[in-house]
Amino acid sequence: MRRVAVITPVSGRHEHLLLQQRALAVGSRRPDHYVVVTMDDPVAGELVARREPPGDAVAVERRPDAPGLPLAAARNAGARRALERGADCLVFLDVDCVPGPETIARYAELARDDGILCGTVSYLPPPPPGGYRLDDLPAMAEPHPARPAPGPGEIVPEADPALFWSLSFATTATAWERIGGFCEEYTGYGGEDTDFALLAAEAGVGVAWLGGAPAYHQHHAVSRPPVEHLDDILRNGALFNRRWGHWPMRGWLEDFARLGLVRHDPRSDGWVRTAAAPRRADPAGRP
């Protein structure tokens, strides 16, 4: 039987993390190792260590020369810890994602050396009084309209790497080592997912959608377009363009342009902020 590790990066959102852990505890296949990668969050590791399945905390600090959370580095650090402890199947879950009862079992059964499997992710409304109940999540969740929803056990190959997302996915240790992990030059929001999928394609590892391995994304406030992540999107988009020769996240960039927050330079194919764009607040909340 495969040794399965679940890897979750976290910075805050402790209620979300604890519900994920509770779902892992009652699933048909518990992970053999639950790696919680804390990003400037010493409390999270203490919380999950006292519950089942016990969380193994790995701390990753922000880079002093780069703004934003080090999500790519955190996923790589979690994978290293899992591989050191003998995992041969790696399941990555965003902290907001609650796995279904069969999700880990399905990933463990079907993960393959030539592919990345992405389970379906459905979005939950705000929690009712008293919080979410695990049994109620399937009926509450709305499927994502832009992603396939295969039947149980069905695997649907994805031709477009840009549709890969890191909210919920699994791969084998062999495939992970062929890909080489996430590019750690990315920090903050956006770009690292598509970069990873392109690295996978170069390594002969494809992306596919897996039915019967659902994750339910807990509600939190978002903005559309994500103006609070504008600087991350510009920085990571420029990095992606240097690496791959084109810009990702064009939908967000075009939305920002319509709001007058960025402009596109057709000569350089670059995107830059305008004077109207808000500045990122520093940790003390100052503009």
# chains A, B, ... in the order shown; residues from 1 in each chain; ligands from 1

call {"tool": "residues_around", "arguments": {"residues": "Ala170 of chain A", "least_positions_apart": "5", "cutoff": "7 Å", "atoms": "only C-alpha atoms", "output": "PyMOL selection string"}}
result
chain A and resi 90-92+107+111+116-118

call {"tool": "residues_around", "arguments": {"residues": "Asp88 of chain A", "least_positions_apart": "3", "cutoff": "6 Å", "atoms": "only C-alpha atoms", "output": "PyMOL selection string"}}
result
chain A and resi 3+172-173

call {"tool": "closest_residue", "arguments": {"among": "A:Gly188, A:Pro161, A:Pro138, A:Gly86", "to": "Gly68 of chain A", "atoms": "only C-alpha atoms"}}
result
A:Gly188

call {"tool": "residues_around", "arguments": {"residues": "Met249 of chain A", "least_positions_apart": "3", "cutoff": "10 Å", "atoms": "only C-alpha atoms", "output": "PDB file with N, CA and C atoms, in the first residue's frame"}}
result
ATOM      1  N   ALA A 162      -2.619  25.918 -18.365  1.00  0.00           N
ATOM      2  CA  ALA A 162      -3.045  27.125 -17.656  1.00  0.00           C
ATOM      3  C   ALA A 162      -4.238  26.865 -16.757  1.00  0.00           C
ATOM      4  N   GLY A 190      -0.298  34.091  -7.349  1.00  0.00           N
ATOM      5  CA  GLY A 190      -0.403  33.901  -8.777  1.00  0.00           C
ATOM      6  C   GLY A 190       0.867  33.548  -9.528  1.00  0.00           C
ATOM      7  N   GLY A 191       0.680  32.749 -10.587  1.00  0.00           N
ATOM      8  CA  GLY A 191       1.750  32.447 -11.515  1.00  0.00           C
ATOM      9  C   GLY A 191       2.457  31.136 -11.268  1.00  0.00           C
ATOM     10  N   THR A 194       0.697  27.776 -12.858  1.00  0.00           N
ATOM     11  CA  THR A 194       0.870  27.547 -14.285  1.00  0.00           C
ATOM     12  C   THR A 194       2.317  27.216 -14.606  1.00  0.00           C
ATOM     13  N   ILE A 233       0.623  40.093  -8.768  1.00  0.00           N
ATOM     14  CA  ILE A 233       0.307  39.651 -10.124  1.00  0.00           C
ATOM     15  C   ILE A 233       1.261  40.279 -11.133  1.00  0.00           C
ATOM     16  N   LEU A 234       1.564  41.556 -10.974  1.00  0.00           N
ATOM     17  CA  LEU A 234       2.516  42.194 -11.875  1.00  0.00           C
ATOM     18  C   LEU A 234       3.913  41.595 -11.720  1.00  0.00           C
ATOM     19  N   ASN A 236       4.864  38.586 -10.337  1.00  0.00           N
ATOM     20  CA  ASN A 236       4.927  37.186 -10.735  1.00  0.00           C
ATOM     21  C   ASN A 236       4.647  37.006 -12.222  1.00  0.00           C
ATOM     22  N   GLY A 237       3.783  37.863 -12.766  1.00  0.00           N
ATOM     23  CA  GLY A 237       3.528  37.792 -14.197  1.00  0.00           C
ATOM     24  C   GLY A 237       4.767  38.113 -15.009  1.00  0.00           C
ATOM     25  N   TRP A 252      -7.129  38.847 -15.368  1.00  0.00           N
ATOM     26  CA  TRP A 252      -7.009  39.813 -14.278  1.00  0.00           C
ATOM     27  C   TRP A 252      -6.343  41.091 -14.762  1.00  0.00           C
ATOM     28  N   LEU A 253      -5.288  40.952 -15.560  1.00  0.00           N
ATOM     29  CA  LEU A 253      -4.585  42.143 -16.052  1.00  0.00           C
ATOM     30  C   LEU A 253      -5.515  43.026 -16.890  1.00  0.00           C
ATOM     31  N   GLU A 254      -6.324  42.399 -17.723  1.00  0.00           N
ATOM     32  CA  GLU A 254      -7.258  43.183 -18.543  1.00  0.00           C
ATOM     33  C   GLU A 254      -8.327  43.851 -17.673  1.00  0.00           C
TER      34      GLU A 254
END

call {"tool": "residues_around", "arguments": {"residues": "Arg75 of chain A", "least_positions_apart": "4", "cutoff": "12 Å", "atoms": "only C-alpha atoms", "output": "ChimeraX atom specification"}}
result
/A:6-10,35-39,58-60,69-71,79-82,90-95,166-167,169,176,180-184,186-187,192-193,196

call {"tool": "closest_residue", "arguments": {"among": "A:Met140, A:Ala238, A:Val43, A:Ala5", "to": "Gly78 of chain A", "atoms": "only C-alpha atoms"}}
result
A:Ala5

call {"tool": "select_by_dssp", "arguments": {"residues": "segment 42-230 of chain A", "states": "helix (DSSP H, G or I)", "output": "VMD selection string"}}
result
chain A and resid 42 to 49 71 to 84 103 to 110 134 to 140 161 to 163 173 to 179 192 to 202 227 to 230

call {"tool": "atom_distance", "arguments": {"atom1": "atom CA of His264 of chain A", "atom2": "atom CA of Glu185 of chain A"}}
result
23.3 Å

call {"tool": "atom_distance", "arguments": {"atom1": "atom CA of Val98 of chain A", "atom2": "atom CA of Pro42 of chain A"}}
result
21.8 Å

call {"tool": "select_by_dssp", "arguments": {"residues": "segment 17-216 of chain A", "states": "strand (DSSP E or B)", "output": "ChimeraX atom specification"}}
result
/A:33-39,55-60,89-93,97-99,115-123,142-143,155-158,168-172,206-216

call {"tool": "write_last_selection", "arguments": {"atoms": "C-alpha atoms", "output": "PDB file, in the first residue's frame"}}
result
ATOM      1  CA  HIS A  33       1.694  11.798   7.269  1.00  0.00           C
ATOM      2  CA  TYR A  34       0.070  15.236   7.557  1.00  0.00           C
ATOM      3  CA  VAL A  35       2.587  17.994   6.860  1.00  0.00           C
ATOM      4  CA  VAL A  36       1.480  21.503   7.795  1.00  0.00           C
ATOM      5  CA  VAL A  37       3.869  24.105   6.422  1.00  0.00           C
ATOM      6  CA  THR A  38       3.602  27.262   8.487  1.00  0.00           C
ATOM      7  CA  MET A  39       4.457  30.618   6.930  1.00  0.00           C
ATOM      8  CA  GLY A  55       0.167  17.567  12.081  1.00  0.00           C
ATOM      9  CA  ASP A  56       3.898  17.660  11.497  1.00  0.00           C
ATOM     10  CA  ALA A  57       4.765  21.375  11.351  1.00  0.00           C
ATOM     11  CA  VAL A  58       7.477  22.666   9.031  1.00  0.00           C
ATOM     12  CA  ALA A  59       8.279  26.375   9.302  1.00  0.00           C
ATOM     13  CA  VAL A  60       9.087  28.481   6.236  1.00  0.00           C
ATOM     14  CA  CYS A  89       2.131   9.702  -2.922  1.00  0.00           C
ATOM     15  CA  LEU A  90       1.946  13.454  -2.293  1.00  0.00           C
ATOM     16  CA  VAL A  91      -1.450  15.150  -1.878  1.00  0.00           C
ATOM     17  CA  PHE A  92      -1.450  18.953  -1.783  1.00  0.00           C
ATOM     18  CA  LEU A  93      -4.439  20.737  -0.256  1.00  0.00           C
ATOM     19  CA  CYS A  97      -9.997  22.961   1.136  1.00  0.00           C
ATOM     20  CA  VAL A  98     -11.903  20.259   3.020  1.00  0.00           C
ATOM     21  CA  PRO A  99     -11.437  16.813   1.450  1.00  0.00           C
ATOM     22  CA  GLY A 115       0.585  12.555 -14.301  1.00  0.00           C
ATOM     23  CA  ILE A 116      -0.745  15.123 -11.860  1.00  0.00           C
ATOM     24  CA  LEU A 117      -4.310  14.401 -10.750  1.00  0.00           C
ATOM     25  CA  CYS A 118      -6.599  17.288  -9.809  1.00  0.00           C
ATOM     26  CA  GLY A 119      -9.769  16.507  -7.904  1.00  0.00           C
ATOM     27  CA  THR A 120     -12.808  18.724  -8.289  1.00  0.00           C
ATOM     28  CA  VAL A 121     -13.044  21.830  -6.101  1.00  0.00           C
ATOM     29  CA  SER A 122     -16.460  23.244  -5.227  1.00  0.00           C
ATOM     30  CA  TYR A 123     -17.068  26.543  -3.476  1.00  0.00           C
ATOM     31  CA  GLU A 142     -21.228  25.007  -6.002  1.00  0.00           C
ATOM     32  CA  PRO A 143     -19.036  23.377  -8.680  1.00  0.00           C
ATOM     33  CA  ILE A 155      -9.727  10.567 -15.319  1.00  0.00           C
ATOM     34  CA  VAL A 156      -9.997  13.312 -17.942  1.00  0.00           C
ATOM     35  CA  PRO A 157      -6.711  14.581 -19.452  1.00  0.00           C
ATOM     36  CA  GLU A 158      -6.305  18.371 -19.592  1.00  0.00           C
ATOM     37  CA  SER A 168      -6.128  20.143  -4.563  1.00  0.00           C
ATOM     38  CA  PHE A 169      -3.842  17.827  -6.496  1.00  0.00           C
ATOM     39  CA  ALA A 170      -1.808  14.669  -6.116  1.00  0.00           C
ATOM     40  CA  THR A 171       1.175  13.042  -7.727  1.00  0.00           C
ATOM     41  CA  THR A 172       3.674  10.296  -6.990  1.00  0.00           C
ATOM     42  CA  GLY A 206       0.546  15.633 -17.804  1.00  0.00           C
ATOM     43  CA  VAL A 207      -2.364  17.158 -15.884  1.00  0.00           C
ATOM     44  CA  ALA A 208      -5.696  15.351 -15.586  1.00  0.00           C
ATOM     45  CA  TRP A 209      -8.967  15.823 -13.725  1.00  0.00           C
ATOM     46  CA  LEU A 210     -10.033  13.078 -11.345  1.00  0.00           C
ATOM     47  CA  GLY A 211     -13.624  12.323 -10.421  1.00  0.00           C
ATOM     48  CA  GLY A 212     -14.611  11.162  -6.961  1.00  0.00           C
ATOM     49  CA  ALA A 213     -11.881  13.131  -5.149  1.00  0.00           C
ATOM     50  CA  PRO A 214     -13.759  16.294  -4.178  1.00  0.00           C
ATOM     51  CA  ALA A 215     -12.571  19.196  -2.085  1.00  0.00           C
ATOM     52  CA  TYR A 216     -14.903  21.821  -0.651  1.00  0.00           C
TER      53      TYR A 216
END

call {"tool": "atom_distance", "arguments": {"atom1": "atom CA of Gly12 of chain A", "atom2": "atom CA of Asp232 of chain A"}}
result
19.1 Å
